[in-house]
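Enquirer: Here you go, input_9.csv (CSV, C-alpha atoms):
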chain,number,residue,atom,x,y,z
A,1,MET,CA,0.0,0.0,0.0
A,2,GLU,CA,1.3,3.5,-0.9
A,3,GLU,CA,2.2,5.9,1.8
A,4,PRO,CA,-0.6,8.5,2.1
A,5,GLU,CA,0.2,12.2,1.5
A,6,VAL,CA,0.9,14.2,4.7
A,7,HIS,CA,-2.3,16.1,5.6
A,8,PRO,CA,-1.7,19.9,5.1
A,9,ASP,CA,-2.7,20.6,8.7
A,10,LEU,CA,0.3,18.7,9.9
A,11,GLU,CA,2.8,21.1,8.3
A,12,PRO,CA,3.8,22.9,11.6
A,13,ILE,CA,4.7,19.5,13.3
A,14,ALA,CA,5.7,17.5,10.2
A,15,PHE,CA,9.4,17.7,11.3
A,16,LEU,CA,8.5,15.1,14.0
A,17,LEU,CA,7.6,12.4,11.4
A,18,GLY,CA,9.8,9.3,11.4
A,19,ARG,CA,11.6,7.1,13.9
A,20,TRP,CA,14.0,8.6,16.4
A,21,GLU,CA,16.5,6.8,18.6
A,22,GLY,CA,18.9,8.0,21.3
A,23,ALA,CA,19.7,8.3,24.9
A,24,GLY,CA,19.0,10.6,27.8
A,25,VAL,CA,19.2,11.1,31.6
A,26,GLY,CA,16.5,11.0,34.2
A,27,GLY,CA,16.0,11.6,37.9
A,28,TYR,CA,13.5,12.9,40.4
A,29,PRO,CA,13.7,13.8,44.1
A,30,THR,CA,12.2,10.3,45.0
A,31,ILE,CA,14.6,8.2,42.8
A,32,GLU,CA,18.3,7.9,41.9
A,33,SER,CA,19.5,9.5,38.6
A,34,PHE,CA,19.6,7.1,35.6
A,35,ASN,CA,20.6,6.8,32.0
A,36,PHE,CA,18.1,5.6,29.5
A,37,GLY,CA,17.7,4.7,25.8
A,38,GLN,CA,14.7,5.7,23.8
A,39,GLU,CA,12.9,5.1,20.6
A,40,ILE,CA,10.1,7.4,19.4
A,41,GLU,CA,8.0,6.9,16.3
A,42,PHE,CA,5.8,9.6,14.8
A,43,GLY,CA,3.6,8.4,12.0
A,44,HIS,CA,0.5,9.5,10.0
A,45,ASN,CA,-2.2,7.9,7.9
A,46,GLY,CA,-3.2,11.0,5.8
A,47,LYS,CA,-5.5,12.4,8.4
A,48,PRO,CA,-4.8,15.6,10.4
A,49,PHE,CA,-3.0,14.0,13.3
A,50,LEU,CA,0.3,12.2,14.1
A,51,THR,CA,0.4,8.8,15.8
A,52,TYR,CA,3.0,8.6,18.6
A,53,VAL,CA,4.7,5.8,20.4
A,54,SER,CA,7.7,6.1,22.8
A,55,ARG,CA,9.6,3.3,24.5
A,56,THR,CA,12.4,3.7,27.0
A,57,TRP,CA,14.8,1.3,28.7
A,58,LEU,CA,17.3,1.6,31.5
A,59,LEU,CA,21.0,1.7,30.4
A,60,ASP,CA,24.0,0.5,32.5
A,61,ASP,CA,27.2,2.5,32.7
A,62,ALA,CA,28.5,0.9,29.5
A,63,GLY,CA,25.3,1.8,27.6
A,64,ASN,CA,23.8,-1.7,27.5
A,65,ARG,CA,20.1,-2.3,27.9
A,66,VAL,CA,19.2,-3.5,31.4
A,67,ARG,CA,15.3,-3.5,31.5
A,68,PRO,CA,12.3,-1.7,30.0
A,69,LEU,CA,11.2,1.6,31.6
A,70,ALA,CA,8.3,3.7,30.5
A,71,THR,CA,6.2,3.5,27.4
A,72,GLU,CA,3.5,5.8,26.2
A,73,SER,CA,1.4,6.2,23.1
A,74,GLY,CA,-1.1,8.7,21.7
A,75,TYR,CA,-1.9,11.3,19.1
A,76,TRP,CA,-0.6,14.8,18.3
A,77,ARG,CA,-3.4,17.0,16.8
A,78,PRO,CA,-2.4,20.4,15.3
A,79,GLN,CA,-4.9,23.2,15.7
A,80,PRO,CA,-5.2,26.6,14.1
A,81,GLY,CA,-2.8,29.3,15.0
A,82,ARG,CA,0.2,26.9,15.4
A,83,GLN,CA,-1.5,25.4,18.5
A,84,VAL,CA,-1.3,21.6,19.2
A,85,GLU,CA,-3.2,19.1,21.4
A,86,VAL,CA,-1.6,15.9,22.5
A,87,VAL,CA,-3.4,12.9,24.0
A,88,LEU,CA,-1.2,10.4,25.7
A,89,ALA,CA,-1.9,7.1,27.5
A,90,HIS,CA,0.4,5.2,29.8
A,91,PRO,CA,0.1,1.5,30.8
A,92,THR,CA,0.6,2.7,34.5
A,93,GLY,CA,-3.0,3.9,34.5
A,94,ILE,CA,-2.4,7.6,33.6
A,95,VAL,CA,-4.0,9.5,30.7
A,96,GLU,CA,-2.8,13.1,29.8
A,97,ILE,CA,-4.1,15.8,27.6
A,98,TYR,CA,-1.5,18.4,26.7
A,99,ILE,CA,-2.0,21.8,25.0
A,100,GLY,CA,0.8,23.8,23.5
A,101,GLU,CA,2.2,25.9,20.8
A,102,VAL,CA,4.5,25.3,17.9
A,103,VAL,CA,7.1,28.0,17.2
A,104,PHE,CA,9.3,27.1,14.2
A,105,ASN,CA,10.8,23.7,15.2
A,106,LYS,CA,10.0,24.0,18.9
A,107,ILE,CA,7.0,22.7,20.7
A,108,GLU,CA,6.1,23.5,24.3
A,109,LEU,CA,3.3,21.5,26.0
A,110,ARG,CA,1.6,21.7,29.4
A,111,THR,CA,-1.0,19.3,30.8
A,112,ASP,CA,-4.5,20.5,30.6
A,113,VAL,CA,-6.0,17.3,32.0
A,114,VAL,CA,-4.5,14.4,33.9
A,115,ALA,CA,-6.7,11.3,34.8
A,116,ARG,CA,-5.5,8.4,36.9
A,117,THR,CA,-6.9,5.0,37.7
A,118,GLU,CA,-7.3,4.1,41.3
A,119,SER,CA,-4.1,2.1,41.3
A,120,ALA,CA,-1.9,4.7,39.5
A,121,LYS,CA,0.8,6.7,41.3
A,122,GLU,CA,0.0,10.3,42.2
A,123,TYR,CA,0.8,12.4,39.1
A,124,THR,CA,-0.7,15.9,38.7
A,125,ALA,CA,1.0,17.8,35.9
A,126,GLY,CA,3.6,17.7,33.1
A,127,HIS,CA,5.5,20.2,31.1
A,128,ARG,CA,7.3,19.1,27.9
A,129,LEU,CA,9.6,20.9,25.5
A,130,TYR,CA,10.5,19.3,22.1
A,131,GLY,CA,12.9,20.9,19.6
A,132,LEU,CA,14.8,20.1,16.4
A,133,VAL,CA,18.4,21.1,17.0
A,134,ASN,CA,21.0,20.5,14.2
A,135,GLY,CA,18.8,17.7,12.8
A,136,ASN,CA,18.4,16.0,16.2
A,137,LEU,CA,15.2,15.8,18.2
A,138,MET,CA,15.8,17.1,21.7
A,139,TRP,CA,13.2,17.0,24.5
A,140,ALA,CA,12.9,17.7,28.2
A,141,TYR,CA,10.1,16.8,30.6
A,142,GLU,CA,9.2,18.1,34.0
A,143,MET,CA,6.5,16.4,36.1
A,144,ALA,CA,4.6,17.1,39.3
A,145,ALA,CA,4.1,13.9,41.3
A,146,VAL,CA,4.0,12.3,44.7
A,147,GLY,CA,3.8,15.7,46.5
A,148,HIS,CA,6.5,17.5,44.4
A,149,PRO,CA,5.8,20.5,42.2
A,150,LEU,CA,6.9,20.6,38.5
A,151,THR,CA,10.5,19.3,38.7
A,152,ASP,CA,13.0,18.1,36.0
A,153,HIS,CA,12.5,14.4,35.3
A,154,MET,CA,13.9,13.4,32.0
A,155,SER,CA,15.6,14.7,28.9
A,156,ALA,CA,17.1,13.1,25.8
A,157,GLU,CA,18.7,13.7,22.4
A,158,LEU,CA,17.5,11.5,19.5
A,159,LYS,CA,18.7,11.0,16.0
A,160,LYS,CA,16.4,10.3,13.1
A,161,VAL,CA,16.9,6.7,11.9
A,162,ALA,CA,13.9,6.3,9.5
For this file, produce the structure as structure tokens.
Expert:
Amino acid sequence: MEEPEVHPDLEPIAFLLGRWEGAGVGGYPTIESFNFGQEIEFGHNGKPFLTYVSRTWLLDDAGNRVRPLATESGYWRPQPGRQVEVVLAHPTGIVEIYIGEVVFNKIELRTDVVARTESAKEYTAGHRLYGLVNGNLMWAYEMAAVGHPLTDHMSAELKKVA
């Protein structure tokens, strides 16, 4: 089957399309700092949204995979005026709706809604920054959880591989 044309509404966020791989660092007041590997895939089916899947895994000091960490999936929906809505689901029982703005090749997102299942850990807000820098996708994530305000949690640099 032929790859569908990219919907014109996706133009402001089309730079995200493809598969990205790389590594980053994480930490939080309640856990030890760690290094992780990541793969993100942004796709489309010709409609005005991007599909999104992210997988991360713990890396040892030599850069070898130790075990899976977080995974999330969802949809990125561009809106008029270079705005964007992002809907994310996590297997840990958390669903997030982010709203944000696209400025050139930078996207800043803040949670508008966070919903949790009864068994999910306390998580109340997120702030994410994505940007294309010298052809690499860089991102940073702050979260508010388990009684802490928005605090740096994870960041990574990813190279486009497909």
Enquirer: Contacts of segment 60-68 of chain A at 10 Å or less, counting only C-alpha atoms, minus same-chain residues fewer than 2 places along, as an NGL selection string?
Expert: :A and (23 or 34-38 or 55-58 or 70-71)
Enquirer: Calculated over all atoms listed in the file, which of the candidates A:Ile94, A:Val86, A:Ile13, A:Val133 has the smallest distance to Leu109 of chain A?
Expert: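 Comparing A:Ile94, A:Val86, A:Ile13, A:Val133 against Leu109 of chain A, the winner is A:Val86.
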Enquirer: State, in Å with one decimal place, the distance from atom CA of Ser33 of chain A to atom CA of Leu88 of chain A.
Expert: 24.4 Å
Enquirer: From the options A:Gly24, A:Gly81, A:Gly74, A:Pro4, which residue's atoms come nearest to Lys47 of chain A, counting all atoms listed in the file?
Expert: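 When distances to Lys47 of chain A are compared using all atoms listed in the file, the smallest one comes from A:Pro4.
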Enquirer: Using all atoms listed in the file, pick whichever of A:Gly22, A:Thr117, A:Gln79, A:Arg110 has the shortest atom-to-atom distance to Val95 of chain A.
Expert: A:Thr117
Enquirer: Quick one: distance from atom CA of Val87 of chain A to atom CA of Leu50 of chain A in Å, one decimal?
Expert: 10.6 Å
Enquirer: Near Glu39 of chain A, counting all atoms listed in the file, which residues have an atom at most 6 Å away, once you skip same-chain residues fewer than 5 positions from it, shown as a short mmCIF file (atom, residue, chain, number, x, y, z; two decimals) with C-alpha atoms, keeping the file's coordinate frame?
Expert:
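Result file is around.cif:
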data_model
loop_
_atom_site.label_atom_id
_atom_site.label_comp_id
_atom_site.auth_asym_id
_atom_site.auth_seq_id
_atom_site.Cartn_x
_atom_site.Cartn_y
_atom_site.Cartn_z
CA TRP A 20 14.00 8.60 16.40
CA GLU A 21 16.50 6.80 18.60
CA SER A 54 7.70 6.10 22.80
CA ARG A 55 9.60 3.30 24.50
#
Enquirer: Do a neighbour search on Glu108 of chain A at 9 Å with only C-alpha atoms, toss out local chain neighbours closer than 6 positions, and write the hits as a ChimeraX atom specification.
Expert: /A:99-102,127-131
Enquirer: Can you pull out every residue within 7 Å of Phe42 of chain A, counting all atoms listed in the file, but drop anything in the same chain fewer than 5 positions away, and send it as an NGL selection string?
Expert: :A and (16-19 or 50-53)
Enquirer: Determine the nearest neighbour of Gly93 of chain A from the options A:Glu118, A:Glu11, A:Glu5, A:Asp152, counting all atoms listed in the file.
Expert: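 Checking each candidate against Gly93 of chain A, we get A:Glu118 as the closest.
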Enquirer: Provide the atom CA of His7 of chain A to atom CA of Gly46 of chain A distance in Å, to one decimal place.
Expert: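 The value is 5.2 Å.
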Enquirer: Go through A:Ala125, A:Leu59, A:Thr151, A:Pro12 and flag the residue nearest Val103 of chain A, using only C-alpha atoms for the distances.
Expert: A:Pro12
Enquirer: Box time for segment 75-94 of chain A: axis-aligned, enclosing all its listed atoms, 8 Å extra on each side; report centre and edge lengths in Å to one decimal, as lines of an AutoDock Vina configuration file.
Expert:
center_x = -2.3
center_y = 15.4
center_z = 24.3
size_x = 21.8
size_y = 43.8
size_z = 36.4
Enquirer: Please identify all polymer residues within 12 Å of Tyr28 of chain A, counting all atoms listed in the file, omitting same-chain residues fewer than 5 positions from it, and present them as a PyMOL selection string.
Expert: chain A and resi 33-34+141-155
